[in-house]
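Printed here is structure_36.txt (compact mmCIF, N, CA and C atoms and all ligand atoms):
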# COMPACT_ATOMS: atom_id res chain seq x y z
N MET P 713 0.84 -1.21 0.00
CA MET P 713 0.00 0.00 0.00
C MET P 713 0.87 1.26 0.00
N TYR P 714 1.80 1.34 0.97
CA TYR P 714 2.68 2.51 1.03
C TYR P 714 3.56 2.60 -0.21
N ARG P 715 4.07 1.41 -0.62
CA ARG P 715 4.95 1.36 -1.79
C ARG P 715 4.21 1.89 -3.03
N ARG P 716 2.96 1.49 -3.17
CA ARG P 716 2.18 1.93 -4.33
C ARG P 716 1.98 3.46 -4.28
N TYR P 717 1.66 3.99 -3.08
CA TYR P 717 1.47 5.43 -2.93
C TYR P 717 2.77 6.16 -3.26
N TYR P 718 3.90 5.63 -2.75
CA TYR P 718 5.20 6.26 -2.98
C TYR P 718 5.51 6.33 -4.47
N LEU P 719 5.29 5.20 -5.17
CA LEU P 719 5.60 5.15 -6.60
C LEU P 719 4.70 6.10 -7.39
N GLU P 720 3.44 6.21 -6.95
CA GLU P 720 2.51 7.08 -7.67
C GLU P 720 2.85 8.56 -7.50
N HIS P 721 3.35 8.92 -6.30
CA HIS P 721 3.58 10.33 -6.01
C HIS P 721 5.04 10.75 -6.11
N HIS P 722 5.95 9.77 -6.11
CA HIS P 722 7.37 10.10 -6.14
C HIS P 722 7.73 10.86 -7.40
N ASP P 723 7.24 10.43 -8.53
CA ASP P 723 7.53 11.10 -9.80
C ASP P 723 7.09 12.55 -9.78
N ASP P 724 5.90 12.80 -9.23
CA ASP P 724 5.39 14.17 -9.17
C ASP P 724 6.35 15.05 -8.38
N ASN P 725 6.81 14.53 -7.23
CA ASN P 725 7.68 15.33 -6.38
C ASN P 725 9.03 15.59 -7.05
N VAL P 726 9.57 14.60 -7.70
CA VAL P 726 10.87 14.75 -8.35
C VAL P 726 10.79 15.78 -9.47
N GLN P 727 9.69 15.80 -10.18
CA GLN P 727 9.59 16.69 -11.34
C GLN P 727 9.09 18.08 -10.97
N GLN P 728 8.73 18.29 -9.71
CA GLN P 728 8.26 19.61 -9.29
C GLN P 728 9.45 20.45 -8.85
N CYS P 729 9.56 21.66 -9.36
CA CYS P 729 10.64 22.58 -9.00
C CYS P 729 10.50 22.99 -7.53
N ARG P 730 11.60 22.83 -6.79
CA ARG P 730 11.57 23.21 -5.38
C ARG P 730 11.55 24.72 -5.20
N GLU P 731 11.93 25.46 -6.23
CA GLU P 731 11.97 26.92 -6.13
C GLU P 731 10.61 27.56 -6.42
N CYS P 732 10.07 27.29 -7.62
CA CYS P 732 8.83 27.96 -8.03
C CYS P 732 7.60 27.07 -7.89
N GLY P 733 7.80 25.79 -7.66
CA GLY P 733 6.68 24.90 -7.49
C GLY P 733 6.09 24.39 -8.79
N GLY P 734 6.57 24.92 -9.92
CA GLY P 734 6.09 24.48 -11.23
C GLY P 734 6.82 23.24 -11.69
N PRO P 735 6.40 22.70 -12.82
CA PRO P 735 7.08 21.51 -13.35
C PRO P 735 8.48 21.88 -13.86
N ILE P 736 9.48 21.10 -13.47
CA ILE P 736 10.86 21.35 -13.89
C ILE P 736 10.98 21.26 -15.41
N ALA P 737 10.13 20.44 -16.03
CA ALA P 737 10.16 20.34 -17.48
C ALA P 737 9.91 21.69 -18.14
N THR P 738 9.21 22.57 -17.43
CA THR P 738 8.91 23.90 -17.98
C THR P 738 9.95 24.93 -17.53
N CYS P 739 10.20 25.03 -16.24
CA CYS P 739 11.08 26.10 -15.75
C CYS P 739 12.55 25.73 -15.81
N GLY P 740 12.86 24.50 -16.16
CA GLY P 740 14.25 24.06 -16.20
C GLY P 740 14.96 24.31 -17.52
N HIS P 741 14.28 24.94 -18.47
CA HIS P 741 14.89 25.22 -19.77
C HIS P 741 15.47 26.63 -19.78
N ALA P 742 16.80 26.73 -20.00
CA ALA P 742 17.47 28.02 -19.98
C ALA P 742 17.03 28.92 -21.12
N GLU P 743 16.58 28.33 -22.25
CA GLU P 743 16.22 29.14 -23.42
C GLU P 743 14.84 29.77 -23.29
N ARG P 744 14.04 29.27 -22.38
CA ARG P 744 12.67 29.76 -22.27
C ARG P 744 12.67 31.18 -21.69
N LEU P 745 11.86 32.06 -22.26
CA LEU P 745 11.75 33.42 -21.76
C LEU P 745 10.66 33.50 -20.70
N TRP P 746 10.90 34.30 -19.69
CA TRP P 746 9.93 34.51 -18.61
C TRP P 746 9.67 36.00 -18.49
N PHE P 747 8.43 36.37 -18.41
CA PHE P 747 8.06 37.77 -18.38
C PHE P 747 7.53 38.13 -17.00
N PRO P 748 8.13 39.13 -16.37
CA PRO P 748 7.66 39.52 -15.03
C PRO P 748 6.20 39.96 -15.07
N GLN P 749 5.46 39.55 -14.08
CA GLN P 749 4.04 39.89 -13.99
C GLN P 749 3.79 40.55 -12.65
N ARG P 750 2.69 41.22 -12.52
CA ARG P 750 2.33 41.82 -11.25
C ARG P 750 0.84 41.62 -11.01
N THR P 751 0.53 41.19 -9.83
CA THR P 751 -0.86 41.20 -9.39
C THR P 751 -0.91 42.11 -8.17
N VAL P 752 -2.01 42.73 -7.97
CA VAL P 752 -2.16 43.66 -6.84
C VAL P 752 -3.32 43.20 -5.98
N CYS P 753 -3.07 43.12 -4.70
CA CYS P 753 -4.13 42.86 -3.73
C CYS P 753 -4.34 44.15 -2.95
N TYR P 754 -5.44 44.84 -3.24
CA TYR P 754 -5.68 46.13 -2.59
C TYR P 754 -6.00 45.98 -1.11
N ALA P 755 -6.53 44.85 -0.73
CA ALA P 755 -6.77 44.61 0.70
C ALA P 755 -5.43 44.52 1.43
N THR P 756 -4.48 43.79 0.85
CA THR P 756 -3.16 43.67 1.46
C THR P 756 -2.46 45.02 1.45
N MET P 757 -2.65 45.79 0.37
CA MET P 757 -2.05 47.11 0.28
C MET P 757 -2.59 48.01 1.40
N ALA P 758 -3.91 47.99 1.59
CA ALA P 758 -4.52 48.81 2.64
C ALA P 758 -4.05 48.36 4.03
N ARG P 759 -3.94 47.04 4.22
CA ARG P 759 -3.49 46.54 5.52
C ARG P 759 -2.05 46.94 5.79
N ALA P 760 -1.20 46.83 4.78
CA ALA P 760 0.22 47.19 4.95
C ALA P 760 0.36 48.68 5.25
N ALA P 761 -0.43 49.51 4.58
CA ALA P 761 -0.38 50.95 4.83
C ALA P 761 -0.87 51.27 6.24
N ALA P 762 -1.93 50.59 6.68
CA ALA P 762 -2.44 50.81 8.03
C ALA P 762 -1.39 50.38 9.06
N GLN P 763 -0.72 49.27 8.79
CA GLN P 763 0.33 48.80 9.70
C GLN P 763 1.45 49.85 9.79
N ARG P 764 1.83 50.39 8.64
CA ARG P 764 2.90 51.40 8.61
C ARG P 764 2.45 52.66 9.37
N ASP P 765 1.20 53.07 9.17
CA ASP P 765 0.67 54.23 9.89
C ASP P 765 0.67 53.97 11.39
N TYR P 766 0.27 52.77 11.77
CA TYR P 766 0.23 52.43 13.20
C TYR P 766 1.63 52.42 13.80
N ASP P 767 2.60 51.87 13.05
CA ASP P 767 3.99 51.86 13.52
C ASP P 767 4.51 53.29 13.69
N ALA P 768 4.20 54.16 12.72
CA ALA P 768 4.65 55.55 12.80
C ALA P 768 3.99 56.27 13.97
N LEU P 769 2.70 56.01 14.16
CA LEU P 769 1.97 56.61 15.28
C LEU P 769 2.57 56.17 16.61
N ALA P 770 2.86 54.88 16.72
CA ALA P 770 3.45 54.35 17.95
C ALA P 770 4.82 54.95 18.20
N GLU P 771 5.57 55.17 17.14
CA GLU P 771 6.89 55.77 17.30
C GLU P 771 6.75 57.20 17.80
N THR P 772 5.74 57.91 17.31
CA THR P 772 5.49 59.27 17.78
C THR P 772 5.13 59.26 19.27
N TYR P 773 4.33 58.28 19.67
CA TYR P 773 3.87 58.21 21.05
C TYR P 773 4.95 57.71 22.01
N GLY P 774 5.89 56.94 21.49
CA GLY P 774 6.94 56.43 22.35
C GLY P 774 7.19 54.94 22.20
N GLY P 775 6.22 54.20 21.74
CA GLY P 775 6.45 52.79 21.44
C GLY P 775 6.05 51.82 22.53
N TRP P 776 5.96 52.29 23.78
CA TRP P 776 5.61 51.40 24.90
C TRP P 776 4.37 51.95 25.60
N HIS P 777 3.46 51.07 25.96
CA HIS P 777 2.23 51.55 26.59
C HIS P 777 1.87 50.70 27.81
N ASP P 778 0.83 51.16 28.51
CA ASP P 778 0.47 50.54 29.78
C ASP P 778 -0.61 49.47 29.64
N GLY P 779 -1.01 49.15 28.42
CA GLY P 779 -2.05 48.16 28.21
C GLY P 779 -3.38 48.78 27.84
N THR P 780 -3.51 50.09 28.05
CA THR P 780 -4.74 50.78 27.68
C THR P 780 -4.62 51.46 26.32
N PHE P 781 -3.40 51.55 25.79
CA PHE P 781 -3.10 52.28 24.55
C PHE P 781 -3.33 53.78 24.74
N GLU P 782 -3.45 54.24 25.97
CA GLU P 782 -3.67 55.66 26.26
C GLU P 782 -2.42 56.33 26.80
N ASN P 783 -1.64 55.61 27.60
CA ASN P 783 -0.44 56.17 28.22
C ASN P 783 0.79 55.50 27.63
N TRP P 784 1.64 56.31 27.04
CA TRP P 784 2.81 55.81 26.30
C TRP P 784 4.10 56.32 26.92
N ALA P 785 5.17 55.62 26.65
CA ALA P 785 6.49 56.03 27.12
C ALA P 785 7.53 55.68 26.06
N LYS P 786 8.63 56.43 26.09
CA LYS P 786 9.71 56.19 25.12
C LYS P 786 10.53 54.95 25.48
N GLU P 787 10.58 54.65 26.78
CA GLU P 787 11.34 53.49 27.26
C GLU P 787 10.40 52.51 27.94
N ARG P 788 10.72 51.24 27.84
CA ARG P 788 9.93 50.22 28.53
C ARG P 788 10.24 50.29 30.02
N ASP P 789 9.20 50.32 30.82
CA ASP P 789 9.37 50.28 32.27
C ASP P 789 8.21 49.49 32.87
N GLU P 790 8.14 49.44 34.18
CA GLU P 790 7.10 48.65 34.84
C GLU P 790 5.70 49.13 34.48
N ALA P 791 5.55 50.43 34.32
CA ALA P 791 4.24 51.00 34.00
C ALA P 791 3.90 50.88 32.52
N HIS P 792 4.89 50.66 31.69
CA HIS P 792 4.67 50.58 30.24
C HIS P 792 5.39 49.35 29.69
N PRO P 793 4.86 48.18 30.00
CA PRO P 793 5.56 46.94 29.62
C PRO P 793 5.24 46.45 28.21
N PHE P 794 4.28 47.08 27.53
CA PHE P 794 3.81 46.53 26.25
C PHE P 794 4.33 47.32 25.05
N ALA P 795 4.91 46.61 24.11
CA ALA P 795 5.29 47.24 22.84
C ALA P 795 4.02 47.51 22.03
N HIS P 796 4.09 48.48 21.15
CA HIS P 796 2.90 48.90 20.41
C HIS P 796 2.26 47.75 19.62
N ASP P 797 3.08 46.77 19.24
CA ASP P 797 2.55 45.68 18.42
C ASP P 797 2.37 44.37 19.19
N ASP P 798 2.54 44.40 20.50
CA ASP P 798 2.29 43.20 21.29
C ASP P 798 0.81 42.85 21.23
N GLY P 799 0.50 41.72 20.69
CA GLY P 799 -0.89 41.25 20.64
C GLY P 799 -1.77 41.99 19.66
N VAL P 800 -1.18 42.83 18.83
CA VAL P 800 -1.97 43.64 17.89
C VAL P 800 -1.88 43.03 16.49
N THR P 801 -3.02 42.85 15.88
CA THR P 801 -3.09 42.41 14.49
C THR P 801 -3.84 43.47 13.71
N ILE P 802 -3.21 44.01 12.71
CA ILE P 802 -3.87 44.97 11.83
C ILE P 802 -4.45 44.18 10.66
N TRP P 803 -5.73 44.36 10.43
CA TRP P 803 -6.38 43.67 9.31
C TRP P 803 -7.41 44.59 8.70
N VAL P 804 -7.95 44.21 7.56
CA VAL P 804 -8.91 45.07 6.88
C VAL P 804 -10.20 44.31 6.61
N SER P 805 -11.25 45.07 6.44
CA SER P 805 -12.57 44.52 6.13
C SER P 805 -13.20 45.37 5.03
N GLU P 806 -14.10 44.79 4.28
CA GLU P 806 -14.82 45.56 3.27
C GLU P 806 -15.81 46.53 3.91
N HIS P 807 -16.11 46.32 5.19
CA HIS P 807 -17.07 47.16 5.88
C HIS P 807 -16.40 47.82 7.07
N ASP P 808 -16.82 49.05 7.40
CA ASP P 808 -16.28 49.73 8.57
C ASP P 808 -16.98 49.16 9.81
N LEU P 809 -16.37 48.14 10.38
CA LEU P 809 -16.99 47.39 11.47
C LEU P 809 -16.99 48.18 12.78
N THR P 810 -16.08 49.16 12.90
CA THR P 810 -15.99 49.94 14.13
C THR P 810 -15.86 51.43 13.78
N PRO P 811 -16.97 52.03 13.26
CA PRO P 811 -16.89 53.43 12.82
C PRO P 811 -16.55 54.39 13.95
N GLU P 812 -16.83 54.00 15.19
CA GLU P 812 -16.52 54.88 16.32
C GLU P 812 -15.06 54.79 16.75
N ALA P 813 -14.35 53.80 16.25
CA ALA P 813 -12.95 53.60 16.66
C ALA P 813 -12.06 54.68 16.06
N ASN P 814 -11.14 55.16 16.85
CA ASN P 814 -10.22 56.18 16.36
C ASN P 814 -8.78 55.84 16.74
N TRP P 815 -8.48 54.58 16.71
CA TRP P 815 -7.17 54.13 17.18
C TRP P 815 -6.05 54.44 16.21
N LEU P 816 -6.39 54.83 14.99
CA LEU P 816 -5.33 55.04 14.01
C LEU P 816 -5.28 56.50 13.57
N SER P 817 -5.86 56.81 12.45
CA SER P 817 -5.67 58.15 11.89
C SER P 817 -6.47 59.21 12.64
N ARG P 818 -7.58 58.80 13.24
CA ARG P 818 -8.43 59.80 13.90
C ARG P 818 -8.09 59.97 15.38
N ALA P 819 -7.05 59.26 15.82
CA ALA P 819 -6.72 59.31 17.25
C ALA P 819 -6.00 60.61 17.61
N PRO P 820 -6.47 61.29 18.64
CA PRO P 820 -5.68 62.42 19.14
C PRO P 820 -4.43 61.88 19.82
N ALA P 821 -3.35 62.61 19.71
CA ALA P 821 -2.11 62.14 20.33
C ALA P 821 -2.28 62.06 21.84
N PRO P 822 -1.97 60.93 22.44
CA PRO P 822 -2.10 60.83 23.90
C PRO P 822 -1.12 61.76 24.59
N LYS P 823 -1.53 62.20 25.78
CA LYS P 823 -0.66 63.10 26.54
C LYS P 823 0.58 62.35 26.98
N PRO P 824 1.76 63.01 26.90
CA PRO P 824 2.96 62.34 27.39
C PRO P 824 2.87 62.08 28.88
N GLU P 825 3.42 60.96 29.27
CA GLU P 825 3.39 60.57 30.70
C GLU P 825 4.17 61.58 31.53
N GLU P 826 3.57 61.98 32.68
CA GLU P 826 4.27 62.88 33.61
C GLU P 826 5.37 62.10 34.33
N ASP P 827 6.50 62.77 34.54
CA ASP P 827 7.58 62.12 35.31
C ASP P 827 7.39 62.31 36.78
ZN ZN F 901 11.06 26.36 -11.13

Starting from the file, lay out its structure as structure tokens.
Amino acid sequence: MYRRYYLEHHDDNVQQCRECGGPIATCGHAERLWFPQRTVCYATMARAAAQRDYDALAETYGGWHDGTFENWAKERDEAHPFAHDDGVTIWVSEHDLTPEANWLSRAPAPKPEED
């Protein structure tokens, strides 16, 4: 049983390019021309831009917070043990699921922590 499965699938694996995943019979020819292509995922583009905005915002605030995302500090200390991206996942939706949220572009800059 195993031997039969191995023989049936071994050829496929040997002929599959480990780099591009395509058949080696196709991508293994040096004379073949390949034309660069581009696909765009606007959801991924929006998510990446939001992540970059969030990183920049966190850098402005100091980078470390107290868990409320309201009080920030430039250095990690007992009161600000969390990095801006600890436990944070930036993602996108086709719908504005939290129109009242202002954690990113609409957020007023939090007051700097008093010493
Ligand atoms: Zn290949």

Tell me which protein, DNA and RNA residues are within 12 Å of Trp815 in chain P, counting only C-alpha atoms, leaving out same-chain ones fewer than 6 positions away, and put them as a ChimeraX atom specification. /P:762-763,765-767,769-770,780-782,796,800,802,821-822

Please report, as a Markdown table, each residue of chain P lying at most 8 Å from ligand ZN 901 (chain F), together with the nearest pair of atoms and the separation in Å rounded to one decimal; use all atoms listed in the file, and order rows by chain and ascending residue number.
| residue | atom | partner | partner_atom | distance |
| --- | --- | --- | --- | --- |
| P:Gln728 | C | F:ZN901 | ZN | 6.5 |
| P:Cys729 | CA | F:ZN901 | ZN | 4.4 |
| P:Arg730 | N | F:ZN901 | ZN | 5.6 |
| P:Glu731 | C | F:ZN901 | ZN | 4.9 |
| P:Cys732 | N | F:ZN901 | ZN | 3.8 |
| P:Gly733 | N | F:ZN901 | ZN | 4.8 |
| P:Gly734 | N | F:ZN901 | ZN | 4.9 |
| P:Pro735 | C | F:ZN901 | ZN | 5.8 |
| P:Ile736 | CA | F:ZN901 | ZN | 5.7 |
| P:Ala737 | N | F:ZN901 | ZN | 7.7 |
| P:Thr738 | C | F:ZN901 | ZN | 6.7 |
| P:Cys739 | CA | F:ZN901 | ZN | 4.6 |
| P:Gly740 | N | F:ZN901 | ZN | 5.7 |

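If you look at atom C of Asp808 in chain P and CA of Met757 in chain P, they are 17.8 Å away from each other.
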
Give me the residues near Lys786 in chain P as a count of residues only, where near means some atom within 8 Å (using only C-alpha atoms) and where sequence neighbours in that chain fewer than 2 positions away do not count. 6

Determine which residues of range 715-783 of chain P DSSP labels as alpha helix (DSSP H) from the backbone of this structure, then write them out as a count of residues only. 37

What is the CA of Gly799 in chain P-CA of Glu812 in chain P distance in Å, reported with one decimal? 21.2 Å

Between atom N of Glu806 in chain P and CA of Phe794 in chain P, what distance in Å does the model show, to one decimal? 28.4 Å
